[in-house]
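*Asks:* Quick one: structure below, then a few questions.
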Amino acid sequence: MTTSQALKHIVESLLDIYDPGEAVSIASIVMEDAFGVKPSQVSSRTKLDKEQLIRLDSIILRLVSHEPVQYVMGEAAFYGYHFKVSPAVLIPRSETEESVHWAIETCKQYPEIHSVLDIGTGSGCIPVSIKKRRPDLDVHALDISTNALEVARENAHRLKTDIHFYEVNILDKKAWKQLPKFDLIVSNPPYVTKAERPILPKNVIDFEPHLALFAGGNDAQRFVKKIAEFGKAHLNIGGWLFLETNEFYVPNSALILEKHGYVQVETRKDLNGRDRMICGRKK
């Protein structure tokens, strides 16, 4: 089987569960990550060997079960870097790249920002990306999941970044005492409600960690409220809080921040025109 035939075979295998554009995108990722064949290198002359064909069949079998290609390949691209991922962590999304960029631009605008905390770090893609672009910053990250922190630490090591990690449940106020104060806090917290579970795609609900998806019950703002409260206690004066959520909760998140005394509250849309990001500043 040639590489062009292999690409076509992957696409055709996925058309029952993905639209054509997404199927082509997934197939291209497989060809490049699994076999080192970039889209421009796909050829009707270059053939896959026997071992590669066996691996191809194994990959397709996992993909048609709705398993995300990032888990199948074991890594995901984010903010120009490649991160290890596993079912212990959420797959990094492009929308989160926009949140990271906003936070980094704020750090440039306000040179008094020296320390950063990521709450619910998962794969570590947020703190590692910030540290890569701003190695002068003192970057910290926390998560409740031991397994997620193992992945995050490995990513920090692989990308040669010095990150301080904590195993902390942000909902437990008693645990806050072990954490210092920061100049900027960023978080992409759980915000999916129990009622929304039936509408989640199969590749999300069946494979991504529910601990990182669901806020608990039907209070989508549970973590936003707690993080806003945490920020009041653990942000330095003039410190910044950045949050990501889905478009339906941004207005409520803004109200929560304002009720907790944050100023300069601002929301932003993502590249698809959806309200996704919000920030506020401690007085």
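Letters A, B, ... go to the chains of the structure tokens in the order shown; residues in each chain start at 1; ligands are counted from 1 in the same order.
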Would you mind listing, for every residue of stretch 87-166 of chain A within 10 Å of stretch 171-191 of chain A, the two atoms forming the shortest contact and the distance between them in Å to one decimal, using only C-alpha atoms, sorted by chain and ascending residue number, as CSV?

*Replies:*
residue,atom,partner,partner_atom,distance
A:Thr96,CA,A:Asn188,CA,7.6
A:Ser99,CA,A:Val186,CA,8.4
A:Val100,CA,A:Val186,CA,8.3
A:Ala103,CA,A:Val186,CA,7.7
A:Thr106,CA,A:Leu184,CA,9.3
A:Cys107,CA,A:Leu184,CA,8.4
A:Glu112,CA,A:Asp183,CA,8.0
A:Ile113,CA,A:Asp183,CA,5.3
A:His114,CA,A:Asp183,CA,6.3
A:Ser115,CA,A:Phe182,CA,5.2
A:Val116,CA,A:Leu184,CA,4.8
A:Leu117,CA,A:Ile185,CA,4.8
A:Asp118,CA,A:Val186,CA,4.9
A:Ile119,CA,A:Ser187,CA,4.9
A:Gly120,CA,A:Pro189,CA,6.2
A:Thr121,CA,A:Ser187,CA,7.6
A:Gly122,CA,A:Asn188,CA,9.5
A:Ile126,CA,A:Val186,CA,8.3
A:Pro127,CA,A:Val186,CA,8.9
A:Asp138,CA,A:Phe182,CA,9.1
A:Val139,CA,A:Phe182,CA,9.3
A:His140,CA,A:Phe182,CA,9.1
A:Ala141,CA,A:Val186,CA,9.4
A:Leu142,CA,A:Leu179,CA,9.7
A:Ile144,CA,A:Leu171,CA,9.6
A:Tyr166,CA,A:Leu179,CA,8.5

*Asks:* Restricting the output to N, CA and C atoms, write the selected residues as a PDB file, in the first residue's frame.

*Replies:*
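Saved as part_24.pdb:
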ATOM      1  N   THR A  96      -7.959  27.471  23.697  1.00  0.00           N
ATOM      2  CA  THR A  96      -7.120  27.724  24.861  1.00  0.00           C
ATOM      3  C   THR A  96      -5.827  28.422  24.463  1.00  0.00           C
ATOM      4  N   SER A  99      -6.435  32.029  24.848  1.00  0.00           N
ATOM      5  CA  SER A  99      -6.361  32.467  26.235  1.00  0.00           C
ATOM      6  C   SER A  99      -4.916  32.638  26.677  1.00  0.00           C
ATOM      7  N   VAL A 100      -4.074  31.684  26.292  1.00  0.00           N
ATOM      8  CA  VAL A 100      -2.652  31.753  26.632  1.00  0.00           C
ATOM      9  C   VAL A 100      -2.017  32.991  26.009  1.00  0.00           C
ATOM     10  N   ALA A 103      -2.986  36.113  27.899  1.00  0.00           N
ATOM     11  CA  ALA A 103      -2.253  36.220  29.166  1.00  0.00           C
ATOM     12  C   ALA A 103      -0.808  36.661  28.926  1.00  0.00           C
ATOM     13  N   THR A 106      -0.632  40.287  28.116  1.00  0.00           N
ATOM     14  CA  THR A 106      -0.833  41.085  29.329  1.00  0.00           C
ATOM     15  C   THR A 106       0.459  41.160  30.133  1.00  0.00           C
ATOM     16  N   CYS A 107       1.192  40.059  30.189  1.00  0.00           N
ATOM     17  CA  CYS A 107       2.481  40.047  30.885  1.00  0.00           C
ATOM     18  C   CYS A 107       3.462  41.027  30.239  1.00  0.00           C
ATOM     19  N   GLU A 112       5.314  44.426  35.767  1.00  0.00           N
ATOM     20  CA  GLU A 112       5.309  44.082  37.188  1.00  0.00           C
ATOM     21  C   GLU A 112       4.790  42.664  37.434  1.00  0.00           C
ATOM     22  N   ILE A 113       4.303  41.996  36.383  1.00  0.00           N
ATOM     23  CA  ILE A 113       3.874  40.601  36.506  1.00  0.00           C
ATOM     24  C   ILE A 113       5.103  39.704  36.494  1.00  0.00           C
ATOM     25  N   HIS A 114       5.310  38.985  37.583  1.00  0.00           N
ATOM     26  CA  HIS A 114       6.476  38.109  37.707  1.00  0.00           C
ATOM     27  C   HIS A 114       6.112  36.647  37.967  1.00  0.00           C
ATOM     28  N   SER A 115       4.929  36.400  38.556  1.00  0.00           N
ATOM     29  CA  SER A 115       4.557  35.034  38.929  1.00  0.00           C
ATOM     30  C   SER A 115       3.188  34.674  38.359  1.00  0.00           C
ATOM     31  N   VAL A 116       3.063  33.430  37.904  1.00  0.00           N
ATOM     32  CA  VAL A 116       1.850  32.964  37.226  1.00  0.00           C
ATOM     33  C   VAL A 116       1.445  31.616  37.806  1.00  0.00           C
ATOM     34  N   LEU A 117       0.134  31.403  37.962  1.00  0.00           N
ATOM     35  CA  LEU A 117      -0.413  30.114  38.397  1.00  0.00           C
ATOM     36  C   LEU A 117      -1.469  29.650  37.411  1.00  0.00           C
ATOM     37  N   ASP A 118      -1.384  28.384  37.005  1.00  0.00           N
ATOM     38  CA  ASP A 118      -2.426  27.746  36.197  1.00  0.00           C
ATOM     39  C   ASP A 118      -3.193  26.781  37.085  1.00  0.00           C
ATOM     40  N   ILE A 119      -4.503  26.953  37.153  1.00  0.00           N
ATOM     41  CA  ILE A 119      -5.359  26.109  37.981  1.00  0.00           C
ATOM     42  C   ILE A 119      -6.045  25.057  37.119  1.00  0.00           C
ATOM     43  N   GLY A 120      -5.855  23.774  37.478  1.00  0.00           N
ATOM     44  CA  GLY A 120      -6.408  22.678  36.686  1.00  0.00           C
ATOM     45  C   GLY A 120      -5.562  22.462  35.446  1.00  0.00           C
ATOM     46  N   THR A 121      -4.282  22.227  35.643  1.00  0.00           N
ATOM     47  CA  THR A 121      -3.318  22.286  34.544  1.00  0.00           C
ATOM     48  C   THR A 121      -3.418  21.150  33.538  1.00  0.00           C
ATOM     49  N   GLY A 122      -3.924  19.978  33.949  1.00  0.00           N
ATOM     50  CA  GLY A 122      -4.044  18.868  33.000  1.00  0.00           C
ATOM     51  C   GLY A 122      -2.695  18.487  32.417  1.00  0.00           C
ATOM     52  N   ILE A 126      -0.740  24.939  29.316  1.00  0.00           N
ATOM     53  CA  ILE A 126      -0.809  26.379  29.578  1.00  0.00           C
ATOM     54  C   ILE A 126       0.470  26.890  30.251  1.00  0.00           C
ATOM     55  N   PRO A 127       0.857  26.351  31.415  1.00  0.00           N
ATOM     56  CA  PRO A 127       2.059  26.890  32.063  1.00  0.00           C
ATOM     57  C   PRO A 127       3.331  26.672  31.259  1.00  0.00           C
ATOM     58  N   ASP A 138       8.064  33.324  36.906  1.00  0.00           N
ATOM     59  CA  ASP A 138       8.014  32.237  37.886  1.00  0.00           C
ATOM     60  C   ASP A 138       6.660  31.558  37.714  1.00  0.00           C
ATOM     61  N   VAL A 139       6.638  30.372  37.131  1.00  0.00           N
ATOM     62  CA  VAL A 139       5.386  29.741  36.715  1.00  0.00           C
ATOM     63  C   VAL A 139       5.060  28.531  37.597  1.00  0.00           C
ATOM     64  N   HIS A 140       3.797  28.482  38.053  1.00  0.00           N
ATOM     65  CA  HIS A 140       3.300  27.418  38.923  1.00  0.00           C
ATOM     66  C   HIS A 140       2.052  26.810  38.294  1.00  0.00           C
ATOM     67  N   ALA A 141       1.716  25.592  38.707  1.00  0.00           N
ATOM     68  CA  ALA A 141       0.524  24.924  38.194  1.00  0.00           C
ATOM     69  C   ALA A 141       0.016  23.925  39.217  1.00  0.00           C
ATOM     70  N   LEU A 142      -1.303  23.746  39.261  1.00  0.00           N
ATOM     71  CA  LEU A 142      -1.881  22.774  40.186  1.00  0.00           C
ATOM     72  C   LEU A 142      -2.962  21.957  39.501  1.00  0.00           C
ATOM     73  N   ILE A 144      -5.857  18.484  40.734  1.00  0.00           N
ATOM     74  CA  ILE A 144      -6.291  17.532  41.748  1.00  0.00           C
ATOM     75  C   ILE A 144      -5.864  16.115  41.398  1.00  0.00           C
ATOM     76  N   TYR A 166       1.743  21.506  42.020  1.00  0.00           N
ATOM     77  CA  TYR A 166       1.098  21.199  43.293  1.00  0.00           C
ATOM     78  C   TYR A 166      -0.089  20.272  43.042  1.00  0.00           C
TER      79      TYR A 166
END

*Asks:* Pull the alpha helix (DSSP H) assignments for stretch 132-258 of chain A out of DSSP run on the backbone, and list those residues as a PyMOL selection string.

*Replies:* chain A and resi 132-133+146-158+202-205+210-213+222-234+250-258

*Asks:* Out of A:Ala195, A:Ile29, A:Val168, A:Ala148, which residue has the shortest atom-to-atom distance to A:Ala88 when counting only C-alpha atoms?

*Replies:*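 Of A:Ala195, A:Ile29, A:Val168, A:Ala148, the one nearest A:Ala88, counting only C-alpha atoms, is A:Ala148.
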
*Asks:* Counting only C-alpha atoms, which of A:Ala77, A:Lys232, A:Gly280, A:Lys269 gets nearest to A:Ser253?

*Replies:*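 Once distances to A:Ser253 are computed over only C-alpha atoms, the minimum belongs to A:Gly280.
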
*Asks:* Quick check, in Å to one decimal: how far apart do atom CA of A:Arg45 and atom CA of A:Lys8 lie?

*Replies:*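 These atoms are spaced 14.3 Å apart.
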
*Asks:* So which residues of stretch 11-186 of chain A fall under strand (DSSP E) by DSSP, listed as a VMD selection string?

*Replies:* chain A and resid 75 to 78 81 to 84 115 to 119 138 to 143 164 to 167 182 to 186

*Asks:* Find the residues near A:Phe248: any atom within 10 Å, counting only C-alpha atoms, skip ones fewer than 6 places away on the same chain, and give them as a list of chain:residue names.

*Replies:* A:Ala220, A:Arg274, A:Asp275, A:Arg276

*Asks:* Put those residues in a file: N, CA and C atoms, as an mmCIF file, in the first residue's frame.

*Replies:*
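And here is the file that came out, out-v9.cif:
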data_model
loop_
_atom_site.group_PDB
_atom_site.id
_atom_site.type_symbol
_atom_site.label_atom_id
_atom_site.label_comp_id
_atom_site.auth_asym_id
_atom_site.auth_seq_id
_atom_site.Cartn_x
_atom_site.Cartn_y
_atom_site.Cartn_z
ATOM 1 N N ALA A 220 -22.727 25.256 36.523
ATOM 2 C CA ALA A 220 -21.615 25.413 35.592
ATOM 3 C C ALA A 220 -20.561 26.383 36.101
ATOM 4 N N ARG A 274 -17.105 33.242 19.083
ATOM 5 C CA ARG A 274 -17.822 32.832 20.283
ATOM 6 C C ARG A 274 -17.163 33.441 21.519
ATOM 7 N N ASP A 275 -17.989 33.919 22.439
ATOM 8 C CA ASP A 275 -17.466 34.421 23.711
ATOM 9 C C ASP A 275 -16.851 33.259 24.461
ATOM 10 N N ARG A 276 -15.549 33.321 24.719
ATOM 11 C CA ARG A 276 -14.864 32.194 25.330
ATOM 12 C C ARG A 276 -13.989 32.587 26.502
#

*Asks:* Within 12 Å of stretch 206-215 of chain A, counting only C-alpha atoms, which residues show up once you throw out same-chain ones fewer than 4 positions away? Write them as number ranges by chain, please.

*Replies:* A: 62-63, 65-72, 85-92, 119-123, 143-148, 169, 171, 187-198, 200-202, 219-226, 245-246

*Asks:* Using C-alpha atoms, can you export the residues from the last selection as a short mmCIF file (atom, residue, chain, number, x, y, z; two decimals), in the first residue's frame?

*Replies:*
data_model
loop_
_atom_site.label_atom_id
_atom_site.label_comp_id
_atom_site.auth_asym_id
_atom_site.auth_seq_id
_atom_site.Cartn_x
_atom_site.Cartn_y
_atom_site.Cartn_z
CA ARG A 62 -8.96 2.70 17.58
CA LEU A 63 -10.07 5.70 15.53
CA SER A 65 -14.21 3.44 17.99
CA HIS A 66 -14.32 7.27 18.32
CA GLU A 67 -11.04 7.45 20.26
CA PRO A 68 -9.51 10.90 19.63
CA VAL A 69 -6.49 10.84 17.33
CA GLN A 70 -4.46 12.72 19.97
CA TYR A 71 -4.84 9.82 22.42
CA VAL A 72 -4.11 7.30 19.69
CA VAL A 85 -1.43 13.50 26.23
CA SER A 86 -3.23 10.53 27.74
CA PRO A 87 -6.79 9.81 28.90
CA ALA A 88 -5.73 11.34 32.24
CA VAL A 89 -5.81 14.83 30.69
CA LEU A 90 -8.02 16.88 28.44
CA ILE A 91 -6.86 17.28 24.86
CA PRO A 92 -5.53 20.85 24.43
CA ILE A 119 -5.36 26.11 37.98
CA GLY A 120 -6.41 22.68 36.69
CA THR A 121 -3.32 22.29 34.54
CA GLY A 122 -4.04 18.87 33.00
CA SER A 123 -1.32 18.24 30.42
CA ASP A 143 -4.27 19.92 39.60
CA ILE A 144 -6.29 17.53 41.75
CA SER A 145 -5.28 14.54 39.62
CA THR A 146 -2.05 12.69 40.39
CA ASN A 147 -2.08 11.10 36.94
CA ALA A 148 -2.57 14.44 35.21
CA ASN A 169 -8.11 20.51 45.08
CA LEU A 171 -12.41 23.62 45.87
CA SER A 187 -7.53 28.61 34.35
CA ASN A 188 -9.59 26.54 31.95
CA PRO A 189 -11.77 24.96 34.66
CA PRO A 190 -14.49 22.30 34.38
CA TYR A 191 -17.80 23.90 33.38
CA VAL A 192 -19.96 21.19 31.76
CA THR A 193 -23.15 20.47 33.70
CA LYS A 194 -24.84 17.14 34.29
CA ALA A 195 -27.71 18.24 32.05
CA GLU A 196 -25.33 18.84 29.14
CA ARG A 197 -23.81 15.38 29.25
CA PRO A 198 -26.14 13.85 26.60
CA LEU A 200 -21.35 15.85 24.28
CA PRO A 201 -19.72 14.10 21.30
CA LYS A 202 -18.94 10.42 21.79
CA ASP A 219 -23.78 24.55 38.59
CA ALA A 220 -21.61 25.41 35.59
CA GLN A 221 -20.04 28.28 37.52
CA ARG A 222 -18.96 26.26 40.53
CA PHE A 223 -15.25 26.53 39.74
CA VAL A 224 -15.46 30.13 38.51
CA LYS A 225 -16.91 31.20 41.86
CA LYS A 226 -14.25 29.34 43.83
CA THR A 245 -15.44 28.93 29.59
CA ASN A 246 -18.04 28.29 26.92
#

*Asks:* I need the residue nearest A:Ile278 from this list: A:Phe230, A:Lys131, A:Met73, A:Trp102. Use only C-alpha atoms for the distance.

*Replies:* A:Trp102

*Asks:* To one decimal place, how far is atom CA of A:Tyr262 from atom CA of A:His101 in Å?

*Replies:*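 Rounded to one decimal, the two atoms are 21.1 Å apart.
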
*Asks:* Tell me, as a PDB file with C-alpha atoms, in the first residue's frame, which residues lie within 10 Å of A:Val24, counting only C-alpha atoms; anything in the same chain fewer than 2 positions away does not count.

*Replies:*
ATOM      1  CA  LEU A   7      -4.183   8.291   3.460  1.00  0.00           C
ATOM      2  CA  LYS A   8      -7.271   7.533   1.385  1.00  0.00           C
ATOM      3  CA  ILE A  10      -7.871   6.258   6.692  1.00  0.00           C
ATOM      4  CA  VAL A  11     -10.219   8.933   5.362  1.00  0.00           C
ATOM      5  CA  GLU A  12     -12.691   6.409   3.970  1.00  0.00           C
ATOM      6  CA  LEU A  14     -13.629   7.603   9.187  1.00  0.00           C
ATOM      7  CA  LEU A  15     -16.365   9.048   6.983  1.00  0.00           C
ATOM      8  CA  TYR A  18     -16.501  12.396  10.962  1.00  0.00           C
ATOM      9  CA  ASP A  19     -17.238  14.924   8.252  1.00  0.00           C
ATOM     10  CA  PRO A  20     -14.876  14.820   5.235  1.00  0.00           C
ATOM     11  CA  GLY A  21     -12.757  17.787   6.319  1.00  0.00           C
ATOM     12  CA  GLU A  22     -12.167  16.393   9.791  1.00  0.00           C
ATOM     13  CA  ILE A  26      -7.142  13.193  11.235  1.00  0.00           C
ATOM     14  CA  ALA A  27      -5.664  11.110   8.422  1.00  0.00           C
ATOM     15  CA  SER A  28      -2.953  13.723   7.852  1.00  0.00           C
ATOM     16  CA  ILE A  29      -2.065  13.703  11.552  1.00  0.00           C
ATOM     17  CA  VAL A  30      -1.768   9.905  11.506  1.00  0.00           C
TER      18      VAL A  30
END

*Asks:* For atom CA of A:Ser129 and atom CA of A:Ala233, determine how far apart the two atoms are, in Å to one decimal place.

*Replies:*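 Those two atoms sit 25.6 Å apart.
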
*Asks:* So, counting only C-alpha atoms, which residue among A:Arg93, A:Lys283, A:Lys160, A:His234 is closest to A:Cys125?

*Replies:*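 Nearest candidate to A:Cys125 out of A:Arg93, A:Lys283, A:Lys160, A:His234: A:Arg93.
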